[in-house]
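Asks: Data: final-v5.pdb, PDB, C-alpha atoms.
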ATOM      1  CA  MET A   1      -4.731  81.367  22.959
ATOM      2  CA  GLY A   2      -5.433  78.286  24.959
ATOM      3  CA  LYS A   3      -3.629  75.086  25.662
ATOM      4  CA  LEU A   4      -5.268  71.786  24.737
ATOM      5  CA  ALA A   5      -4.025  68.432  26.016
ATOM      6  CA  LEU A   6      -5.248  65.377  24.178
ATOM      7  CA  GLY A   7      -4.923  61.910  25.644
ATOM      8  CA  VAL A   8      -5.442  59.336  22.931
ATOM      9  CA  TYR A   9      -5.847  55.651  23.743
ATOM     10  CA  PRO A  10      -7.716  53.856  20.914
ATOM     11  CA  GLY A  11      -5.850  51.839  18.326
ATOM     12  CA  LEU A  12      -5.118  53.409  14.972
ATOM     13  CA  VAL A  13      -7.227  50.880  13.121
ATOM     14  CA  GLY A  14     -10.681  49.918  14.326
ATOM     15  CA  SER A  15     -12.502  53.120  15.148
ATOM     16  CA  ALA A  16     -12.528  56.661  13.890
ATOM     17  CA  CYS A  17     -11.713  58.016  17.342
ATOM     18  CA  TYR A  18      -8.020  58.091  16.557
ATOM     19  CA  ASP A  19      -8.634  59.816  13.220
ATOM     20  CA  PHE A  20     -10.837  62.368  14.975
ATOM     21  CA  SER A  21      -8.066  63.232  17.402
ATOM     22  CA  LEU A  22      -5.732  64.042  14.505
ATOM     23  CA  LYS A  23      -8.307  66.302  12.866
ATOM     24  CA  LEU A  24      -9.066  68.056  16.153
ATOM     25  CA  ALA A  25      -5.397  68.611  16.931
ATOM     26  CA  ALA A  26      -4.802  70.093  13.489
ATOM     27  CA  ALA A  27      -7.840  72.376  13.757
ATOM     28  CA  ALA A  28      -6.801  73.616  17.192
ATOM     29  CA  ALA A  29      -3.216  74.199  16.091
ATOM     30  CA  ASP A  30      -4.405  76.087  13.006
ATOM     31  CA  LYS A  31      -6.394  78.393  15.290
ATOM     32  CA  GLY A  32      -3.208  79.159  17.191
ATOM     33  CA  HIS A  33      -3.788  77.007  20.253
ATOM     34  CA  LYS A  34      -0.925  75.118  21.830
ATOM     35  CA  VAL A  35      -1.675  71.433  21.466
ATOM     36  CA  SER A  36      -0.125  68.344  23.003
ATOM     37  CA  ILE A  37      -0.986  64.721  22.285
ATOM     38  CA  TRP A  38      -0.284  61.821  24.602
ATOM     39  CA  TYR A  39      -0.485  58.314  23.175
ATOM     40  CA  SER A  40      -1.079  55.373  25.459
ATOM     41  CA  GLY A  41      -2.496  51.874  25.158
ATOM     42  CA  ASN A  42      -3.182  50.683  21.626
ATOM     43  CA  ALA A  43      -2.692  54.183  20.222
ATOM     44  CA  THR A  44       1.044  53.781  20.703
ATOM     45  CA  GLY A  45       1.172  51.414  17.738
ATOM     46  CA  SER A  46       0.643  54.461  15.549
ATOM     47  CA  VAL A  47       4.047  56.004  16.182
ATOM     48  CA  LYS A  48       5.922  53.435  14.115
ATOM     49  CA  ALA A  49       7.510  54.923  11.027
ATOM     50  CA  HIS A  50       7.158  53.711   7.454
ATOM     51  CA  GLN A  51       3.417  53.166   7.520
ATOM     52  CA  LYS A  52       1.881  52.238   4.215
ATOM     53  CA  HIS A  53      -1.436  53.974   3.669
ATOM     54  CA  LEU A  54      -3.862  51.392   2.382
ATOM     55  CA  LYS A  55      -7.244  52.942   1.722
ATOM     56  CA  ASP A  56      -9.103  50.419   3.872
ATOM     57  CA  TYR A  57      -7.077  51.380   6.937
ATOM     58  CA  SER A  58      -6.597  54.558   8.877
ATOM     59  CA  THR A  59      -3.069  55.902   8.806
ATOM     60  CA  ALA A  60      -1.168  58.205  11.103
ATOM     61  CA  GLU A  61       2.354  58.913   9.968
ATOM     62  CA  LYS A  62       1.735  61.642   7.427
ATOM     63  CA  TYR A  63      -0.712  63.404   9.753
ATOM     64  CA  LEU A  64       1.593  63.137  12.754
ATOM     65  CA  THR A  65       4.463  64.509  10.736
ATOM     66  CA  ALA A  66       2.281  67.440   9.655
ATOM     67  CA  LEU A  67       1.212  68.068  13.252
ATOM     68  CA  LEU A  68       4.814  68.073  14.403
ATOM     69  CA  GLU A  69       5.586  70.659  11.726
ATOM     70  CA  LYS A  70       2.755  72.800  13.111
ATOM     71  CA  GLY A  71       4.426  72.704  16.525
ATOM     72  CA  VAL A  72       2.136  70.145  18.145
ATOM     73  CA  GLU A  73       3.920  68.241  20.894
ATOM     74  CA  ILE A  74       3.435  64.494  20.545
ATOM     75  CA  CYS A  75       4.566  61.927  23.070
ATOM     76  CA  THR A  76       4.080  58.197  23.274
ATOM     77  CA  CYS A  77       4.058  56.074  26.403
ATOM     78  CA  GLU A  78       7.369  54.283  26.231
ATOM     79  CA  ALA A  79       6.207  51.251  28.211
ATOM     80  CA  CYS A  80       3.056  50.830  26.108
ATOM     81  CA  THR A  81       5.084  51.209  22.924
ATOM     82  CA  ILE A  82       7.935  48.818  23.598
ATOM     83  CA  ALA A  83       5.428  46.289  24.970
ATOM     84  CA  ARG A  84       4.061  46.232  21.434
ATOM     85  CA  GLY A  85       7.454  45.466  19.955
ATOM     86  CA  ILE A  86       8.216  48.941  18.670
ATOM     87  CA  GLN A  87      11.648  50.273  19.504
ATOM     88  CA  LYS A  88      12.548  53.938  19.641
ATOM     89  CA  PRO A  89      14.723  53.936  16.476
ATOM     90  CA  GLU A  90      11.702  52.615  14.575
ATOM     91  CA  GLY A  91       9.519  55.529  15.654
ATOM     92  CA  ILE A  92       8.436  58.566  13.673
ATOM     93  CA  PRO A  93      11.123  61.243  14.092
ATOM     94  CA  GLY A  94      10.046  64.066  16.369
ATOM     95  CA  VAL A  95       7.659  62.008  18.462
ATOM     96  CA  GLN A  96       8.785  62.026  22.082
ATOM     97  CA  TRP A  97       8.954  58.901  24.238
ATOM     98  CA  ASN A  98       8.313  59.283  27.925
ATOM     99  CA  SER A  99       6.472  57.974  30.970
ATOM    100  CA  MET A 100       2.908  58.588  32.051
ATOM    101  CA  HIS A 101       3.898  61.601  34.102
ATOM    102  CA  TRP A 102       4.412  63.450  30.795
ATOM    103  CA  TYR A 103       0.648  63.366  30.313
ATOM    104  CA  LEU A 104      -0.009  64.536  33.851
ATOM    105  CA  ALA A 105       2.380  67.428  33.327
ATOM    106  CA  ALA A 106       0.574  68.348  30.105
ATOM    107  CA  ILE A 107      -2.718  68.178  31.986
ATOM    108  CA  HIS A 108      -1.328  70.444  34.683
ATOM    109  CA  SER A 109      -0.769  73.325  32.300
ATOM    110  CA  ALA A 110      -3.737  72.691  30.011
ATOM    111  CA  ASP A 111      -6.806  74.868  29.806
ATOM    112  CA  ARG A 112      -8.761  71.941  28.403
ATOM    113  CA  VAL A 113      -8.129  68.199  28.424
ATOM    114  CA  LEU A 114      -9.820  65.864  25.997
ATOM    115  CA  HIS A 115      -9.236  62.303  27.057
ATOM    116  CA  ILE A 116     -10.187  59.857  24.328
ATOM    117  CA  GLY A 117     -10.425  56.451  25.937
ATOM    118  CA  GLY A 118      -9.518  53.322  24.107
ATOM    119  CA  GLU A 119     -10.520  49.712  23.959
TER     120      GLU A 119
ATOM    121  CA  MET B   1      -0.566  77.128  39.070
ATOM    122  CA  GLY B   2      -0.248  75.097  42.263
ATOM    123  CA  ASP B   3      -2.170  71.903  42.537
ATOM    124  CA  VAL B   4      -4.382  70.619  39.734
ATOM    125  CA  LYS B   5      -7.030  68.143  40.803
ATOM    126  CA  CYS B   6      -8.096  65.459  38.351
ATOM    127  CA  ALA B   7     -10.847  62.871  38.629
ATOM    128  CA  PHE B   8     -10.027  59.578  36.934
ATOM    129  CA  ILE B   9     -13.343  57.810  36.362
ATOM    130  CA  VAL B  10     -13.025  54.105  35.601
ATOM    131  CA  GLN B  11     -16.215  52.762  34.068
ATOM    132  CA  ARG B  12     -14.975  49.606  32.367
ATOM    133  CA  PRO B  13     -14.181  46.279  34.045
ATOM    134  CA  GLN B  14     -10.628  45.300  34.805
ATOM    135  CA  TYR B  15      -9.183  42.777  32.318
ATOM    136  CA  LYS B  16     -11.902  43.590  29.763
ATOM    137  CA  GLY B  17      -9.729  46.243  28.196
ATOM    138  CA  GLU B  18      -6.497  48.044  28.846
ATOM    139  CA  THR B  19      -7.776  51.483  29.765
ATOM    140  CA  SER B  20      -9.175  50.518  33.170
ATOM    141  CA  ARG B  21      -5.676  49.422  34.128
ATOM    142  CA  LEU B  22      -4.121  52.499  32.531
ATOM    143  CA  ALA B  23      -6.262  54.673  34.781
ATOM    144  CA  MET B  24      -4.422  53.259  37.759
ATOM    145  CA  THR B  25      -0.939  53.423  36.268
ATOM    146  CA  HIS B  26      -1.514  56.988  35.097
ATOM    147  CA  ALA B  27      -2.814  57.939  38.533
ATOM    148  CA  LEU B  28       0.277  56.427  40.125
ATOM    149  CA  ALA B  29       2.415  58.674  37.925
ATOM    150  CA  TYR B  30       1.379  61.637  40.084
ATOM    151  CA  GLN B  31       4.260  60.555  42.287
ATOM    152  CA  THR B  32       6.861  61.501  39.686
ATOM    153  CA  VAL B  33       5.215  64.283  37.679
ATOM    154  CA  GLU B  34       6.919  66.922  39.797
ATOM    155  CA  ILE B  35      10.178  66.355  37.902
ATOM    156  CA  LEU B  36       8.462  67.963  34.908
ATOM    157  CA  LEU B  37       6.786  70.790  36.840
ATOM    158  CA  GLU B  38       7.916  73.948  38.581
ATOM    159  CA  ASP B  39       8.449  74.083  42.343
ATOM    160  CA  GLY B  40       5.159  73.918  44.198
ATOM    161  CA  GLU B  41       3.218  72.529  41.260
ATOM    162  CA  THR B  42       1.453  69.206  41.723
ATOM    163  CA  VAL B  43      -1.212  67.030  40.148
ATOM    164  CA  THR B  44      -3.614  65.220  42.463
ATOM    165  CA  PRO B  45      -5.747  62.509  40.918
ATOM    166  CA  THR B  46      -8.736  60.913  42.592
ATOM    167  CA  LEU B  47      -9.377  57.422  41.305
ATOM    168  CA  CYS B  48     -13.073  56.554  41.101
ATOM    169  CA  PHE B  49     -14.602  53.236  40.061
ATOM    170  CA  VAL B  50     -18.184  53.389  38.849
ATOM    171  CA  GLY B  51     -20.566  51.233  36.835
ATOM    172  CA  GLU B  52     -18.872  48.141  35.436
ATOM    173  CA  GLY B  53     -15.621  49.680  36.606
ATOM    174  CA  VAL B  54     -16.283  48.163  40.025
ATOM    175  CA  LEU B  55     -15.799  44.695  38.536
ATOM    176  CA  GLY B  56     -12.473  42.940  38.846
ATOM    177  CA  LEU B  57     -11.292  44.738  41.959
ATOM    178  CA  SER B  58     -11.541  41.894  44.455
ATOM    179  CA  LYS B  59      -8.652  40.717  46.600
ATOM    180  CA  GLY B  60      -6.878  37.405  46.188
ATOM    181  CA  GLN B  61      -6.227  37.790  42.454
ATOM    182  CA  LYS B  62      -3.759  35.433  40.782
ATOM    183  CA  ALA B  63      -3.122  37.322  37.550
ATOM    184  CA  MET B  64       0.634  37.066  37.954
ATOM    185  CA  GLU B  65       0.561  33.353  38.675
ATOM    186  CA  MET B  66      -1.908  32.564  35.894
ATOM    187  CA  TYR B  67      -1.000  35.017  33.142
ATOM    188  CA  GLY B  68       2.279  36.600  34.192
ATOM    189  CA  ILE B  69       0.741  40.067  34.415
ATOM    190  CA  THR B  70       0.296  42.448  37.315
ATOM    191  CA  SER B  71      -3.139  42.165  38.892
ATOM    192  CA  SER B  72      -5.502  45.082  39.305
ATOM    193  CA  GLU B  73      -5.402  44.253  43.007
ATOM    194  CA  SER B  74      -1.676  44.940  43.002
ATOM    195  CA  HIS B  75      -2.179  48.268  41.239
ATOM    196  CA  ILE B  76      -4.854  49.318  43.708
ATOM    197  CA  LYS B  77      -2.615  48.424  46.618
ATOM    198  CA  ASN B  78       0.146  50.540  45.123
ATOM    199  CA  CYS B  79      -2.310  53.423  44.706
ATOM    200  CA  LEU B  80      -3.231  53.171  48.379
ATOM    201  CA  LEU B  81       0.409  52.937  49.355
ATOM    202  CA  VAL B  82       1.154  56.278  47.680
ATOM    203  CA  ASP B  83      -1.846  57.881  49.400
ATOM    204  CA  LEU B  84      -4.143  58.229  46.419
ATOM    205  CA  ASP B  85      -7.825  58.665  47.160
ATOM    206  CA  VAL B  86      -9.572  55.598  45.756
ATOM    207  CA  PHE B  87     -13.379  55.707  45.647
ATOM    208  CA  VAL B  88     -15.636  52.805  44.714
ATOM    209  CA  CYS B  89     -19.295  53.501  44.027
ATOM    210  CA  LYS B  90     -21.483  51.986  46.729
ATOM    211  CA  GLU B  91     -24.605  51.731  44.595
ATOM    212  CA  ASP B  92     -22.756  49.932  41.812
ATOM    213  CA  LEU B  93     -21.202  47.429  44.219
ATOM    214  CA  GLU B  94     -24.695  46.702  45.524
ATOM    215  CA  LYS B  95     -26.056  46.406  42.001
ATOM    216  CA  PHE B  96     -23.574  43.650  41.238
ATOM    217  CA  GLY B  97     -23.913  42.049  44.672
ATOM    218  CA  ILE B  98     -20.265  42.616  45.544
ATOM    219  CA  PRO B  99     -19.605  42.819  49.290
ATOM    220  CA  GLU B 100     -17.329  45.609  50.459
ATOM    221  CA  SER B 101     -15.351  42.994  52.363
ATOM    222  CA  THR B 102     -14.022  41.561  49.076
ATOM    223  CA  LEU B 103     -12.182  44.784  48.223
ATOM    224  CA  PRO B 104      -8.441  44.795  48.841
ATOM    225  CA  ASP B 105      -6.450  46.906  51.254
ATOM    226  CA  ALA B 106      -2.726  47.503  51.484
ATOM    227  CA  GLU B 107      -2.244  47.218  55.212
ATOM    228  CA  ASP B 108       0.341  44.492  54.649
ATOM    229  CA  MET B 109       2.405  47.040  52.702
ATOM    230  CA  GLY B 110       2.056  49.659  55.417
ATOM    231  CA  ALA B 111      -0.481  51.834  53.659
ATOM    232  CA  GLU B 112      -2.610  54.126  55.735
ATOM    233  CA  LYS B 113      -5.123  54.829  52.996
ATOM    234  CA  GLN B 114      -8.001  52.485  52.353
ATOM    235  CA  ILE B 115     -10.484  52.171  49.548
ATOM    236  CA  ARG B 116     -13.511  54.301  50.321
ATOM    237  CA  VAL B 117     -16.855  52.875  49.301
ATOM    238  CA  VAL B 118     -18.948  55.979  48.789
ATOM    239  CA  PRO B 119     -22.330  56.944  47.371
ATOM    240  CA  PHE B 120     -22.210  58.184  43.798
ATOM    241  CA  ALA B 121     -22.979  61.659  45.108
ATOM    242  CA  GLU B 122     -19.506  61.763  46.621
ATOM    243  CA  ILE B 123     -17.923  60.736  43.333
ATOM    244  CA  GLN B 124     -19.959  63.448  41.655
ATOM    245  CA  LYS B 125     -18.529  65.904  44.193
ATOM    246  CA  ALA B 126     -14.990  64.774  43.339
ATOM    247  CA  MET B 127     -15.723  65.385  39.669
ATOM    248  CA  GLU B 128     -17.090  68.839  40.409
ATOM    249  CA  GLU B 129     -14.035  69.738  42.475
ATOM    250  CA  ALA B 130     -11.615  68.527  39.787
ATOM    251  CA  LYS B 131     -10.275  70.825  37.122
ATOM    252  CA  HIS B 132     -10.217  67.949  34.660
ATOM    253  CA  VAL B 133     -12.307  64.771  34.515
ATOM    254  CA  LEU B 134     -10.914  61.829  32.562
ATOM    255  CA  PHE B 135     -13.060  58.824  31.705
ATOM    256  CA  PHE B 136     -11.266  55.526  31.309
TER     257      PHE B 136
END
Turn this file's structure into structure tokens for me.

Replies:
Amino acid sequence: MGKLALGVYPGLVGSACYDFSLKLAAAAADKGHKVSIWYSGNATGSVKAHQKHLKDYSTAEKYLTALLEKGVEICTCEACTIARGIQKPEGIPGVQWNSMHWYLAAIHSADRVLHIGGE
Amino acid sequence: MGDVKCAFIVQRPQYKGETSRLAMTHALAYQTVEILLEDGETVTPTLCFVGEGVLGLSKGQKAMEMYGITSSESHIKNCLLVDLDVFVCKEDLEKFGIPESTLPDAEDMGAEKQIRVVPFAEIQKAMEEAKHVLFF
């Protein structure tokens, strides 16, 4: 099976691009592919734990938790995340925090990269 | 797997959004990615500015003085300092009436690399040679 690296940059709320990335990652993982997700920019706001799912807003936590259980590797840009006032202990358990080179390393070993640009 | 070439294509203006800046900071990370890779493995990005992405690159920026944030000029200079290939689309500069002479260099920092203003065909070639193309 292949290896897919996703780079996700859009904010959780505001477009369906973020939601699409979750669906794609789940579909790829279900097919047996190895999937990694890199969050940068506004997407990093989605790694905060204790999200309340209001129906008018996209939500991430329950989907990210499910992806982690499927073996999907998820990493957030530490600088982007703390710049938004989110500290590591507040993050969703299992999500990694690292620097931008994590994404480049994921790209290095990926068969396909889907880079979803943000705002 | 050796070296993996990537083309980072910046098509949005600096300061309009965050991703145009993130293209540069992610490209700079090629300097440290080796700590996560096996011996002999590298990632080589080529940073290309096209379309509206050529806006906001001029030298003499005062982003730090005015807003307390790093300027795109500073990021570009750092990219040149670490020997990244930085291409700016010639046709798009002409479209916006931006003289090449307004683009920054990093000679004051000791960089040998310079921004290369190139026809789009050369940027297209960089994309074709890259294993992965990322649009910012």

Asks: Tell me which of A:Val72, A:Ile37, A:Ile82, A:Ala5 sits closest to chain B, counting only C-alpha atoms.

Replies: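 Of the candidates, the smallest distance to chain B is held by A:Ala5.
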
Asks: Could you produce a table of the residues of chain A lying within 6 Å of chain B, with the nearest pair of atoms per residue and their separation in Å rounded to one decimal, using all atoms listed in the file, ordered by chain and increasing residue number, as JSON lines?

Replies:
{"residue": "A:Met100", "atom": "CA", "partner": "B:His26", "partner_atom": "CA", "distance": 5.6}
{"residue": "A:His101", "atom": "CA", "partner": "B:Val33", "partner_atom": "CA", "distance": 4.7}
{"residue": "A:His108", "atom": "CA", "partner": "B:Val4", "partner_atom": "CA", "distance": 5.9}
{"residue": "A:His115", "atom": "CA", "partner": "B:Leu134", "partner_atom": "CA", "distance": 5.8}
{"residue": "A:Gly117", "atom": "CA", "partner": "B:Phe136", "partner_atom": "CA", "distance": 5.5}
{"residue": "A:Glu119", "atom": "CA", "partner": "B:Gly17", "partner_atom": "CA", "distance": 5.5}

Asks: Apply the PyMOL selection byres ((chain A and resi 24) around 12) to the displayed file and report the matching residues as a PyMOL selection string.

Replies: chain A and resi 4-6+8+17-23+25-31+33+35-37+63+67+72+114+116

Asks: Go through B:Glu73, B:Glu129, B:Asp39, B:Asp105 and flag the residue nearest Gly60 (chain B), using all atoms listed in the file for the distances.

Replies: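 When distances to Gly60 (chain B) are compared using all atoms listed in the file, the smallest one comes from B:Glu73.
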
Asks: Report the residues retrieved by the PyMOL selection byres ((chain B and resi 87) around 10) from the displayed file, expressed as a list in words.

Replies: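 Going through the file, the PyMOL selection byres ((chain B and resi 87) around 10) ends up selecting Ile9, Thr46, Leu47, Cys48, Phe49, Val50, Val54, Leu84, Asp85, Val86, Val88, Cys89, Lys90, Gln114, Ile115, Arg116, Val117, Val118, Pro119, Phe120, Glu122, Ile123 and Ala126 of chain B.
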
Asks: I need the output of the PyMOL selection byres ((chain A and resi 11-14) around 9) for this file as JSON, numbers by chain; which residues are they?

Replies: {"A": [8, 9, 10, 15, 16, 17, 18, 19, 41, 42, 43, 44, 45, 46, 57, 58, 59, 60, 118, 119]}

Asks: With C-alpha atoms retained, could you export that selection as a PDB file, in the frame of the given file?

Replies:
ATOM      1  CA  VAL A   8      -5.442  59.336  22.931  1.00  0.00           C
ATOM      2  CA  TYR A   9      -5.847  55.651  23.743  1.00  0.00           C
ATOM      3  CA  PRO A  10      -7.716  53.856  20.914  1.00  0.00           C
ATOM      4  CA  SER A  15     -12.502  53.120  15.148  1.00  0.00           C
ATOM      5  CA  ALA A  16     -12.528  56.661  13.890  1.00  0.00           C
ATOM      6  CA  CYS A  17     -11.713  58.016  17.342  1.00  0.00           C
ATOM      7  CA  TYR A  18      -8.020  58.091  16.557  1.00  0.00           C
ATOM      8  CA  ASP A  19      -8.634  59.816  13.220  1.00  0.00           C
ATOM      9  CA  GLY A  41      -2.496  51.874  25.158  1.00  0.00           C
ATOM     10  CA  ASN A  42      -3.182  50.683  21.626  1.00  0.00           C
ATOM     11  CA  ALA A  43      -2.692  54.183  20.222  1.00  0.00           C
ATOM     12  CA  THR A  44       1.044  53.781  20.703  1.00  0.00           C
ATOM     13  CA  GLY A  45       1.172  51.414  17.738  1.00  0.00           C
ATOM     14  CA  SER A  46       0.643  54.461  15.549  1.00  0.00           C
ATOM     15  CA  TYR A  57      -7.077  51.380   6.937  1.00  0.00           C
ATOM     16  CA  SER A  58      -6.597  54.558   8.877  1.00  0.00           C
ATOM     17  CA  THR A  59      -3.069  55.902   8.806  1.00  0.00           C
ATOM     18  CA  ALA A  60      -1.168  58.205  11.103  1.00  0.00           C
ATOM     19  CA  GLY A 118      -9.518  53.322  24.107  1.00  0.00           C
ATOM     20  CA  GLU A 119     -10.520  49.712  23.959  1.00  0.00           C
TER      21      GLU A 119
END

Asks: Determine the axis-aligned bounding box of all atoms of region 21-37 of chain A present in the file, pad each side by 8 Å, and express its centre and edge lengths in Å to one decimal place as AutoDock Vina command-line options.

Replies:
--center_x -4.6 --center_y 71.2 --center_z 17.9 --size_x 24.9 --size_y 31.9 --size_z 26.1

Asks: Any idea what's packed within 9 Å of Glu52 (chain B), counting all atoms listed in the file, ignoring anything in its chain fewer than 3 positions away? Could you give it as a list of chain:residue names?

Replies: B:Val10, B:Gln11, B:Arg12, B:Pro13, B:Gln14, B:Phe49, B:Leu55, B:Gly56, B:Asp92, B:Phe96

Asks: Report the distance between CA of Glu61 (chain A) and CA of Ala49 (chain A) in Å, rounded to one decimal place.

Replies: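 CA of Ala49 (chain A) lies at a distance of 6.6 Å from CA of Glu61 (chain A).
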
Asks: If you count all atoms listed in the file, which residues fall within 12 Å of Trp97 (chain A), apart from same-chain ones fewer than 2 positions away, as a ChimeraX atom specification?

Replies: /A:37-40,44,47-48,73-82,86-95,99-103

Asks: Between CA of Gly7 (chain A) and CA of Gly85 (chain A), what is the distance in Å, rounded to a tenth?

Replies: 21.4 Å

Asks: Could you give me, as a list in words, the residues within 9 Å of Thr102 (chain B), counting all atoms listed in the file and dropping anything in the same chain fewer than 4 positions from it?

Replies: Leu57, Ser58, Lys59, Gly60 and Ile98 of chain B

Asks: Any chance you could turn region 71-89 of chain B into a file with N, CA and C atoms, as a PDB file, in the first residue's frame?

Replies:
ATOM      1  N   SER B  71       9.653  40.364   8.423  1.00  0.00           N
ATOM      2  CA  SER B  71       9.232  40.718   7.070  1.00  0.00           C
ATOM      3  C   SER B  71       9.464  39.560   6.111  1.00  0.00           C
ATOM      4  N   SER B  72       8.735  39.578   5.011  1.00  0.00           N
ATOM      5  CA  SER B  72       8.981  38.574   3.971  1.00  0.00           C
ATOM      6  C   SER B  72      10.370  38.782   3.374  1.00  0.00           C
ATOM      7  N   GLU B  73      10.827  40.019   3.366  1.00  0.00           N
ATOM      8  CA  GLU B  73      12.193  40.284   2.892  1.00  0.00           C
ATOM      9  C   GLU B  73      13.209  39.510   3.734  1.00  0.00           C
ATOM     10  N   SER B  74      13.002  39.546   5.043  1.00  0.00           N
ATOM     11  CA  SER B  74      13.917  38.845   5.944  1.00  0.00           C
ATOM     12  C   SER B  74      13.902  37.340   5.674  1.00  0.00           C
ATOM     13  N   HIS B  75      12.701  36.804   5.459  1.00  0.00           N
ATOM     14  CA  HIS B  75      12.608  35.362   5.179  1.00  0.00           C
ATOM     15  C   HIS B  75      13.318  35.005   3.874  1.00  0.00           C
ATOM     16  N   ILE B  76      13.125  35.853   2.865  1.00  0.00           N
ATOM     17  CA  ILE B  76      13.779  35.571   1.582  1.00  0.00           C
ATOM     18  C   ILE B  76      15.295  35.613   1.740  1.00  0.00           C
ATOM     19  N   LYS B  77      15.766  36.587   2.485  1.00  0.00           N
ATOM     20  CA  LYS B  77      17.214  36.686   2.695  1.00  0.00           C
ATOM     21  C   LYS B  77      17.747  35.436   3.400  1.00  0.00           C
ATOM     22  N   ASN B  78      16.982  34.946   4.359  1.00  0.00           N
ATOM     23  CA  ASN B  78      17.398  33.722   5.043  1.00  0.00           C
ATOM     24  C   ASN B  78      17.404  32.529   4.083  1.00  0.00           C
ATOM     25  N   CYS B  79      16.410  32.502   3.192  1.00  0.00           N
ATOM     26  CA  CYS B  79      16.366  31.417   2.191  1.00  0.00           C
ATOM     27  C   CYS B  79      17.615  31.458   1.312  1.00  0.00           C
ATOM     28  N   LEU B  80      17.993  32.651   0.899  1.00  0.00           N
ATOM     29  CA  LEU B  80      19.188  32.791   0.057  1.00  0.00           C
ATOM     30  C   LEU B  80      20.442  32.409   0.834  1.00  0.00           C
ATOM     31  N   LEU B  81      20.450  32.781   2.104  1.00  0.00           N
ATOM     32  CA  LEU B  81      21.614  32.490   2.935  1.00  0.00           C
ATOM     33  C   LEU B  81      21.857  30.996   3.070  1.00  0.00           C
ATOM     34  N   VAL B  82      20.764  30.212   3.088  1.00  0.00           N
ATOM     35  CA  VAL B  82      20.931  28.753   3.223  1.00  0.00           C
ATOM     36  C   VAL B  82      20.891  28.060   1.859  1.00  0.00           C
ATOM     37  N   ASP B  83      21.160  28.857   0.817  1.00  0.00           N
ATOM     38  CA  ASP B  83      21.373  28.318  -0.537  1.00  0.00           C
ATOM     39  C   ASP B  83      20.140  27.691  -1.173  1.00  0.00           C
ATOM     40  N   LEU B  84      18.972  28.171  -0.805  1.00  0.00           N
ATOM     41  CA  LEU B  84      17.772  27.711  -1.509  1.00  0.00           C
ATOM     42  C   LEU B  84      17.698  28.379  -2.872  1.00  0.00           C
ATOM     43  N   ASP B  85      17.178  27.655  -3.842  1.00  0.00           N
ATOM     44  CA  ASP B  85      16.881  28.270  -5.141  1.00  0.00           C
ATOM     45  C   ASP B  85      15.566  29.039  -5.010  1.00  0.00           C
ATOM     46  N   VAL B  86      15.626  30.328  -5.291  1.00  0.00           N
ATOM     47  CA  VAL B  86      14.431  31.173  -5.210  1.00  0.00           C
ATOM     48  C   VAL B  86      14.178  31.761  -6.599  1.00  0.00           C
ATOM     49  N   PHE B  87      13.045  31.370  -7.191  1.00  0.00           N
ATOM     50  CA  PHE B  87      12.683  31.848  -8.528  1.00  0.00           C
ATOM     51  C   PHE B  87      11.511  32.818  -8.418  1.00  0.00           C
ATOM     52  N   VAL B  88      11.577  33.893  -9.173  1.00  0.00           N
ATOM     53  CA  VAL B  88      10.453  34.825  -9.271  1.00  0.00           C
ATOM     54  C   VAL B  88      10.076  34.930 -10.740  1.00  0.00           C
ATOM     55  N   CYS B  89       8.798  34.820 -11.028  1.00  0.00           N
ATOM     56  CA  CYS B  89       8.341  34.766 -12.415  1.00  0.00           C
ATOM     57  C   CYS B  89       8.498  36.132 -13.099  1.00  0.00           C
TER      58      CYS B  89
END
